[in-house]
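So this block is entry_14.txt, compact mmCIF, C-alpha atoms:
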# COMPACT_ATOMS: atom_id res chain seq x y z
CA MET A 1140 248.29 92.47 119.62
CA LYS A 1141 245.15 90.88 121.02
CA ILE A 1142 242.58 93.28 122.48
CA LEU A 1143 240.13 92.49 125.28
CA THR A 1144 236.57 92.68 123.93
CA HIS A 1145 234.84 92.28 127.29
CA LYS A 1146 233.50 95.48 128.80
CA TYR A 1147 233.38 96.87 132.32
CA GLU A 1148 229.74 95.82 132.54
CA ASP A 1149 230.73 92.17 132.03
CA ILE A 1150 232.99 92.28 135.08
CA ILE A 1151 230.58 94.07 137.43
CA SER A 1152 227.39 92.25 136.46
CA VAL A 1153 225.48 90.59 139.29
CA GLU A 1154 225.68 87.30 137.38
CA ASN A 1155 229.47 87.45 137.19
CA ILE A 1156 229.79 88.43 140.85
CA LEU A 1157 227.57 85.52 141.92
CA GLU A 1158 229.58 83.10 139.77
CA ALA A 1159 232.72 84.53 141.34
CA TRP A 1160 231.23 83.94 144.80
CA GLN A 1161 230.81 80.22 144.09
CA GLU A 1162 234.45 79.99 143.07
CA PHE A 1163 235.65 82.11 145.96
CA LEU A 1164 233.72 79.96 148.45
CA LEU A 1165 235.66 76.76 147.73
CA GLY A 1166 237.58 75.76 150.83
CA LYS A 1167 236.50 78.85 152.76
CA ARG A 1168 232.99 78.03 154.00
CA ASN A 1169 234.08 77.71 157.61
CA LYS A 1170 236.00 80.98 157.78
CA PRO A 1171 234.31 83.45 160.17
CA ASP A 1172 234.62 86.46 157.82
CA VAL A 1173 233.20 84.43 154.93
CA GLN A 1174 230.28 83.20 157.04
CA GLU A 1175 229.54 86.76 158.14
CA PHE A 1176 229.50 87.95 154.50
CA TYR A 1177 227.27 85.00 153.57
CA LEU A 1178 224.60 85.95 156.15
CA ARG A 1179 223.73 88.98 154.01
CA LEU A 1180 225.02 87.60 150.71
CA MET A 1181 222.56 89.21 148.28
CA ASP A 1182 222.62 92.55 150.10
CA ASN A 1183 226.43 92.50 149.99
CA VAL A 1184 226.49 91.51 146.32
CA PHE A 1185 224.05 94.24 145.33
CA ASP A 1186 225.92 96.82 147.42
CA LEU A 1187 229.15 95.89 145.67
CA HIS A 1188 227.44 96.00 142.28
CA LYS A 1189 225.97 99.43 143.05
CA ASP A 1190 229.33 100.87 144.10
CA LEU A 1191 230.94 99.49 140.94
CA THR A 1192 228.11 100.79 138.73
CA HIS A 1193 228.37 104.31 140.21
CA HIS A 1194 232.19 104.19 140.21
CA THR A 1195 232.29 104.76 143.97
CA TYR A 1196 233.98 101.45 144.83
CA LYS A 1197 237.08 101.82 146.98
CA HIS A 1198 239.40 98.91 147.74
CA GLY A 1199 240.00 98.42 151.46
CA GLY A 1200 243.25 97.77 153.27
CA TYR A 1201 245.01 94.52 154.04
CA GLN A 1202 245.47 92.32 157.06
CA GLN A 1203 249.14 91.38 157.22
CA PHE A 1204 250.46 88.15 158.68
CA LYS A 1205 253.39 85.79 158.23
CA ILE A 1206 253.38 82.12 157.33
CA ASN A 1207 256.24 79.66 157.67
CA ASP A 1208 256.46 76.73 155.28
CA PRO A 1209 259.19 76.69 156.77
CA LYS A 1210 260.47 79.77 154.88
CA SER A 1211 258.89 82.94 156.27
CA ARG A 1212 256.53 84.79 153.89
CA THR A 1213 254.43 87.88 154.43
CA ILE A 1214 250.82 87.51 153.27
CA HIS A 1215 248.45 90.43 152.78
CA LYS A 1216 244.80 89.45 153.08
CA ALA A 1217 242.06 91.69 151.71
CA SER A 1218 238.46 91.76 152.97
CA VAL A 1219 235.93 89.21 151.70
CA ARG A 1220 234.25 91.97 149.66
CA ASP A 1221 237.49 92.89 147.92
CA ARG A 1222 238.52 89.28 147.38
CA LEU A 1223 235.13 88.60 145.82
CA LEU A 1224 235.80 91.41 143.38
CA HIS A 1225 239.24 89.93 142.63
CA HIS A 1226 237.52 86.70 141.60
CA ALA A 1227 235.01 88.59 139.44
CA VAL A 1228 237.86 90.39 137.66
CA TYR A 1229 239.88 87.19 137.31
CA ARG A 1230 236.96 85.28 135.74
CA ILE A 1231 236.85 87.74 132.85
CA LEU A 1232 240.52 88.63 132.41
CA TYR A 1233 242.26 85.27 132.90
CA PRO A 1234 240.83 83.46 129.82
CA PHE A 1235 241.81 86.41 127.64
CA PHE A 1236 245.34 86.89 128.94
CA ASP A 1237 246.03 83.16 129.02
CA ARG A 1238 245.79 83.20 125.22
CA THR A 1239 248.56 85.81 125.08
CA PHE A 1240 251.01 83.75 127.15
CA ILE A 1241 253.66 81.55 125.59
CA TYR A 1242 253.13 77.80 125.84
CA ASP A 1243 256.13 77.23 128.13
CA SER A 1244 255.02 79.58 130.91
CA PHE A 1245 253.79 77.22 133.62
CA SER A 1246 252.97 79.18 136.79
CA CYS A 1247 249.38 79.82 137.96
CA ARG A 1248 247.76 78.62 134.74
CA ASN A 1249 245.07 76.03 134.08
CA ASN A 1250 246.46 72.68 132.91
CA LYS A 1251 250.04 73.75 133.64
CA GLY A 1252 251.83 73.69 137.02
CA THR A 1253 255.05 72.34 138.51
CA HIS A 1254 254.81 68.78 137.17
CA LYS A 1255 254.38 69.95 133.58
CA ALA A 1256 257.22 72.43 134.02
CA LEU A 1257 259.47 69.58 135.19
CA SER A 1258 258.32 67.48 132.23
CA GLY A 1259 259.17 70.42 129.97
CA LEU A 1260 262.66 70.52 131.44
CA ARG A 1261 263.09 66.83 130.68
CA GLU A 1262 261.74 67.23 127.14
CA PHE A 1263 263.92 70.23 126.26
CA SER A 1264 267.05 68.70 127.75
CA ASN A 1265 266.50 65.55 125.67
CA ILE A 1266 266.10 67.61 122.50
CA VAL A 1267 269.13 69.83 123.14
CA SER A 1268 271.34 66.92 124.21
CA LYS A 1269 270.24 64.82 121.23
CA ASN A 1270 268.94 62.16 123.64
CA ASN A 1271 271.89 62.53 126.00
CA THR A 1272 274.58 62.23 123.35
CA ARG A 1273 275.74 65.85 123.82
CA THR A 1274 276.08 68.23 126.74
CA CYS A 1275 272.94 70.19 127.56
CA TRP A 1276 273.75 73.56 129.14
CA ILE A 1277 271.11 75.39 131.14
CA LEU A 1278 271.11 79.02 132.22
CA LYS A 1279 268.97 79.55 135.31
CA CYS A 1280 268.02 82.90 136.80
CA ASP A 1281 265.35 84.33 139.07
CA ILE A 1282 264.22 87.80 140.08
CA ARG A 1283 265.24 89.51 143.30
CA LYS A 1284 262.16 90.07 145.54
CA PHE A 1285 259.87 89.47 142.59
CA PHE A 1286 256.38 90.37 143.84
CA SER A 1287 257.51 93.37 145.87
CA SER A 1288 259.61 94.67 142.95
CA ILE A 1289 256.84 94.75 140.34
CA ASP A 1290 256.38 98.38 139.33
CA GLN A 1291 252.69 99.25 139.52
CA ASN A 1292 252.88 102.01 136.88
CA VAL A 1293 254.69 99.74 134.44
CA LEU A 1294 252.04 97.07 135.06
CA ILE A 1295 249.21 99.53 134.32
CA ASN A 1296 250.94 100.59 131.10
CA ILE A 1297 251.17 96.96 130.01
CA LEU A 1298 247.50 96.33 130.82
CA GLN A 1299 246.49 99.42 128.81
CA GLN A 1300 248.03 97.86 125.70
CA TYR A 1301 245.43 95.09 125.87
CA ILE A 1302 242.41 96.77 127.45
CA PRO A 1303 240.73 99.67 125.61
CA ASP A 1304 237.89 100.14 128.15
CA ARG A 1305 238.92 103.01 130.44
CA ASP A 1306 236.48 101.90 133.15
CA VAL A 1307 238.19 98.50 133.34
CA ILE A 1308 241.59 100.18 133.63
CA ASP A 1309 240.29 102.47 136.39
CA LEU A 1310 239.05 99.44 138.31
CA LEU A 1311 242.37 97.63 137.90
CA GLU A 1312 244.19 100.74 139.08
CA GLU A 1313 242.00 100.78 142.20
CA ILE A 1314 243.01 97.17 142.93
CA ILE A 1315 246.70 97.54 142.06
CA PHE A 1316 247.29 100.88 143.80
CA SER A 1317 245.49 99.66 146.94
CA PHE A 1318 248.78 97.98 147.90
CA LYS A 1319 251.40 100.44 149.13
CA PRO A 1320 254.00 101.54 148.30
CA ASN A 1321 254.65 99.30 145.30
CA GLY A 1322 254.60 95.69 144.12
CA LEU A 1323 251.82 93.12 144.34
CA PRO A 1324 250.52 91.48 147.52
CA LEU A 1325 251.00 87.77 148.10
CA GLY A 1326 247.43 86.74 148.82
CA ASN A 1327 245.46 88.39 146.02
CA LEU A 1328 244.16 86.11 143.27
CA THR A 1329 244.69 88.99 140.84
CA SER A 1330 248.38 89.10 141.79
CA GLN A 1331 248.87 85.68 140.19
CA LEU A 1332 247.41 86.94 136.93
CA PHE A 1333 249.10 90.34 136.97
CA SER A 1334 252.53 88.82 137.66
CA ASN A 1335 252.14 86.59 134.60
CA VAL A 1336 250.99 89.53 132.47
CA TYR A 1337 254.07 91.42 133.68
CA MET A 1338 256.54 88.62 132.93
CA ASN A 1339 254.82 87.84 129.63
CA GLU A 1340 256.68 90.89 128.30
CA PHE A 1341 259.94 89.14 129.17
CA ASP A 1342 258.77 85.82 127.72
CA HIS A 1343 258.07 87.39 124.34
CA PHE A 1344 261.38 89.25 124.44
CA VAL A 1345 263.18 85.94 125.01
CA LYS A 1346 261.31 84.12 122.26
CA HIS A 1347 261.09 86.83 119.58
CA LYS A 1348 264.07 89.12 120.21
CA LEU A 1349 266.66 86.78 121.66
CA LYS A 1350 265.29 83.90 119.56
CA VAL A 1351 265.73 81.38 122.36
CA LYS A 1352 264.00 78.25 121.15
CA TYR A 1353 264.11 76.21 124.36
CA TYR A 1354 262.99 78.28 127.34
CA ILE A 1355 260.79 77.65 130.40
CA ARG A 1356 259.45 80.03 133.02
CA TYR A 1357 257.72 79.26 136.30
CA ALA A 1358 256.88 82.50 138.21
CA ASP A 1359 260.23 84.29 138.45
CA ASP A 1360 262.37 81.19 137.73
CA SER A 1361 263.60 81.03 134.13
CA LEU A 1362 265.53 78.30 132.32
CA PHE A 1363 267.34 78.69 128.97
CA PHE A 1364 268.65 75.57 127.19
CA SER A 1365 271.49 75.32 124.69
CA GLU A 1366 274.20 72.90 123.55
CA ASN A 1367 276.55 75.91 123.44
CA LYS A 1368 277.54 77.43 126.78
CA ARG A 1369 278.92 80.55 125.10
CA ASP A 1370 275.51 81.33 123.53
CA LEU A 1371 273.97 81.39 127.00
CA GLU A 1372 276.74 83.58 128.39
CA LYS A 1373 276.18 86.11 125.62
CA ILE A 1374 272.48 86.66 126.34
CA ILE A 1375 272.92 87.37 130.07
CA PRO A 1376 273.66 91.11 129.61
CA GLU A 1377 270.64 91.46 127.30
CA ILE A 1378 268.41 89.70 129.82
CA LYS A 1379 269.58 91.96 132.63
CA CYS A 1380 269.16 95.07 130.49
CA PHE A 1381 265.61 94.24 129.41
CA LEU A 1382 264.46 93.37 132.92
CA GLN A 1383 265.95 96.56 134.35
CA ASP A 1384 264.95 98.99 131.57
CA ARG A 1385 261.54 97.62 130.65
CA LEU A 1386 260.26 96.01 133.85
CA LYS A 1387 262.34 97.64 136.63
CA LEU A 1388 263.41 94.19 137.85
CA GLN A 1389 266.79 92.81 138.81
CA ILE A 1390 268.12 89.28 138.60
CA HIS A 1391 269.18 87.94 141.98
CA PRO A 1392 273.01 88.03 141.78
CA ASN A 1393 273.36 84.78 143.74
CA LYS A 1394 270.77 82.93 141.68
CA ILE A 1395 272.08 83.15 138.15
CA TYR A 1396 274.33 80.43 136.81
CA ILE A 1397 274.99 78.10 133.91
CA LYS A 1398 275.30 74.36 134.54
CA ALA A 1399 275.49 71.20 132.52
CA LEU A 1400 272.45 69.05 133.19
CA HIS A 1401 274.56 66.03 134.12
CA SER A 1402 275.81 67.97 137.19
CA GLY A 1403 272.24 68.54 138.40
CA MET A 1404 269.85 71.48 137.85
CA ASP A 1405 267.94 72.75 140.90
CA PHE A 1406 264.41 73.65 139.76
CA LEU A 1407 261.04 73.68 141.55
CA GLY A 1408 262.19 71.73 144.58
CA TRP A 1409 264.02 69.01 142.64
CA VAL A 1410 267.60 68.49 141.52
CA ASN A 1411 267.16 67.34 137.92
CA PHE A 1412 269.60 65.05 136.09
CA LYS A 1413 269.56 63.48 132.64
CA LYS A 1414 267.34 60.51 133.46
CA HIS A 1415 266.10 61.12 136.98
CA ARG A 1416 265.47 63.77 139.63
CA VAL A 1417 266.00 63.78 143.38
CA LEU A 1418 264.32 65.89 146.02
CA ARG A 1419 266.17 69.02 147.13
CA GLY A 1420 267.22 69.10 150.78
CA THR A 1421 265.09 72.15 151.61
CA THR A 1422 262.06 70.43 150.05
CA LYS A 1423 262.60 67.38 152.28
CA ARG A 1424 262.76 69.62 155.34
CA ARG A 1425 259.57 71.42 154.26
CA ILE A 1426 257.71 68.11 153.94
CA PHE A 1427 258.60 66.99 157.46
CA TRP A 1428 257.93 70.47 158.87
CA LYS A 1429 254.46 70.47 157.29
CA LEU A 1430 253.66 66.97 158.53
CA LYS A 1431 254.74 67.97 162.03
CA HIS A 1432 252.58 71.12 162.09
CA ASN A 1433 249.66 69.87 159.98
CA PRO A 1434 249.58 66.05 160.32
CA ASN A 1435 246.46 65.06 158.39
CA MET A 1436 245.67 62.67 155.55
CA GLU A 1437 245.23 65.48 153.02
CA THR A 1438 248.76 66.77 153.68
CA LEU A 1439 250.17 63.24 153.53
CA ASN A 1440 248.48 62.44 150.21
CA SER A 1441 249.63 65.76 148.77
CA TYR A 1442 253.26 64.97 149.53
CA LEU A 1443 253.00 61.35 148.40
CA GLY A 1444 251.71 62.72 145.08
CA LEU A 1445 254.68 65.07 144.89
CA LEU A 1446 257.13 62.29 145.68
CA SER A 1447 255.72 60.11 142.90
CA HIS A 1448 257.45 62.35 140.35
CA GLY A 1449 261.01 61.45 141.26
CA LYS A 1450 263.45 58.94 142.69
CA THR A 1451 262.12 59.01 146.25
CA LYS A 1452 261.45 55.50 147.59
CA LYS A 1453 263.52 56.01 150.76
CA ILE A 1454 261.90 59.37 151.45
CA LYS A 1455 258.40 57.94 150.88
CA ASP A 1456 259.09 55.21 153.41
CA LYS A 1457 260.40 57.78 155.89
CA VAL A 1458 257.37 60.06 155.35
CA LEU A 1459 254.93 57.20 155.95
CA LYS A 1460 256.82 56.10 159.06
CA TYR A 1461 256.93 59.70 160.34
CA TYR A 1462 253.17 60.09 159.79
CA LEU A 1463 252.22 56.77 161.36
CA GLU A 1464 254.35 57.45 164.44
CA ASP A 1465 252.16 60.52 165.14
CA TYR A 1466 249.00 58.45 164.80

Starting from the file, lay out its structure as structure tokens.
Amino acid sequence: MKILTHKYEDIISVENILEAWQEFLLGKRNKPDVQEFYLRLMDNVFDLHKDLTHHTYKHGGYQQFKINDPKSRTIHKASVRDRLLHHAVYRILYPFFDRTFIYDSFSCRNNKGTHKALSGLREFSNIVSKNNTRTCWILKCDIRKFFSSIDQNVLINILQQYIPDRDVIDLLEEIIFSFKPNGLPLGNLTSQLFSNVYMNEFDHFVKHKLKVKYYIRYADDSLFFSENKRDLEKIIPEIKCFLQDRLKLQIHPNKIYIKALHSGMDFLGWVNFKKHRVLRGTTKRRIFWKLKHNPNMETLNSYLGLLSHGKTKKIKDKVLKYYLEDY
């Protein structure tokens, strides 16, 4: 078990808070609340530092709003002061916890992401299928209402295994318990880290207890690879039991299945086959919805980059035509 050697003082130092401010500021300079905070930046930083030093810091509430992309999601936005603290905490904790994660966990990590997860799927399916000479079976499952189902007390207990400094734990409790009644808020930078710390327990269970050699996780989506369908069927009850008993999570009953790769595996917006992948229908609709509601060059380039990772020539042509018709 790795133990965090950084202390509370490392997180709350003025230097760390100022470094966190530079990272927090990226892409937010024109936001009114950020500009207001910036007008009295040093006063605000020293006030935050003082509250943290005297252990009088209290996390504020959240502004709730919905976004549609096109699926509706509820976002909870903290104040600039609290989000600055989230960045200060993240700067110290992320490098440590990242070293505890398994290699094939791809969500919200530096030098990972969706493209590498998809490449991992291709690599593992080639290995298991002996370069497409055998059937590659894949068990896919995801968690029902993942972020809202994370048990805050279980999360604190996991964090305590790694962090001996009680002051750090108290600060993390203040952040975690600020969201009521349970779960983690979509919108906090710390939520990305904490969700990975939470599911890291499951990752290590899969690798070291179930002895699954070929396994990938992205957020709450998990893939298990085997040339034997029966082996995958046998581990499903153990997976469900661990998630329920240890993490208080449940697999979504409509999103657990075993498929042969040649019939197509839906993962991260793509339907993946042996030698190619095609864009999922909902992903296509999302692209055109985004271009309709946010038709700028940055959005276009983002989606052209996404489309470069699969068999998408017709869709690319349609996207370009759709964009040019608006301009």

Problem - 7 Å contact set for His1415 (chain A), all atoms listed in the file, chain neighbours under 2 positions out, as number ranges by chain - result: A: 1411-1413, 1417, 1449-1450

Exercise for the section: Quick one: everything within 7 Å of Phe1204 (chain A), counting only C-alpha atoms, minus sequence neighbours fewer than 2 positions away in the same chain. Send it as a PyMOL selection string. Expected result: chain A and resi 1202+1206+1213-1215

Problem - Among listed residues A:Ile1378, A:Leu1257, A:Leu1294, A:Ile1266, nearest Glu1312 (chain A) (using only C-alpha atoms) - result: A:Leu1294

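Look at region 1168-1182 of chain A: the protein and nucleic acid residues within 8 Å of it, using all atoms listed in the file and passing over chain neighbours fewer than 4 places away, are Leu1164, Asp1186, Val1219 and Arg1220 of chain A.
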
Any chance you could export the current selection's C-alpha atoms as a compact mmCIF listing (two decimals), in the frame of the given file?
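For reference, result-v6.txt as written:
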# COMPACT_ATOMS: atom_id res chain seq x y z
CA LEU A 1164 233.72 79.96 148.45
CA ASP A 1186 225.92 96.82 147.42
CA VAL A 1219 235.93 89.21 151.70
CA ARG A 1220 234.25 91.97 149.66

Handout entry: Within 9 Å of Leu1157 (chain A) using all atoms listed in the file, minus same-chain residues under 5 positions, as a count of residues only
Key = 5

Handout entry: Selection: 12 Å around region 1235-1239 of chain A, all atoms listed in the file, excl. self and same-chain fewer than 4 positions, as a ChimeraX atom specification
Key = /A:1140-1145,1228-1231,1243-1251,1297-1298,1300-1302,1331-1340,1342-1343

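The closest residue to Phe1185 (chain A), picked from A:Gly1166, A:Phe1363, A:Glu1154, A:Arg1212 and counting only C-alpha atoms, is A:Glu1154.
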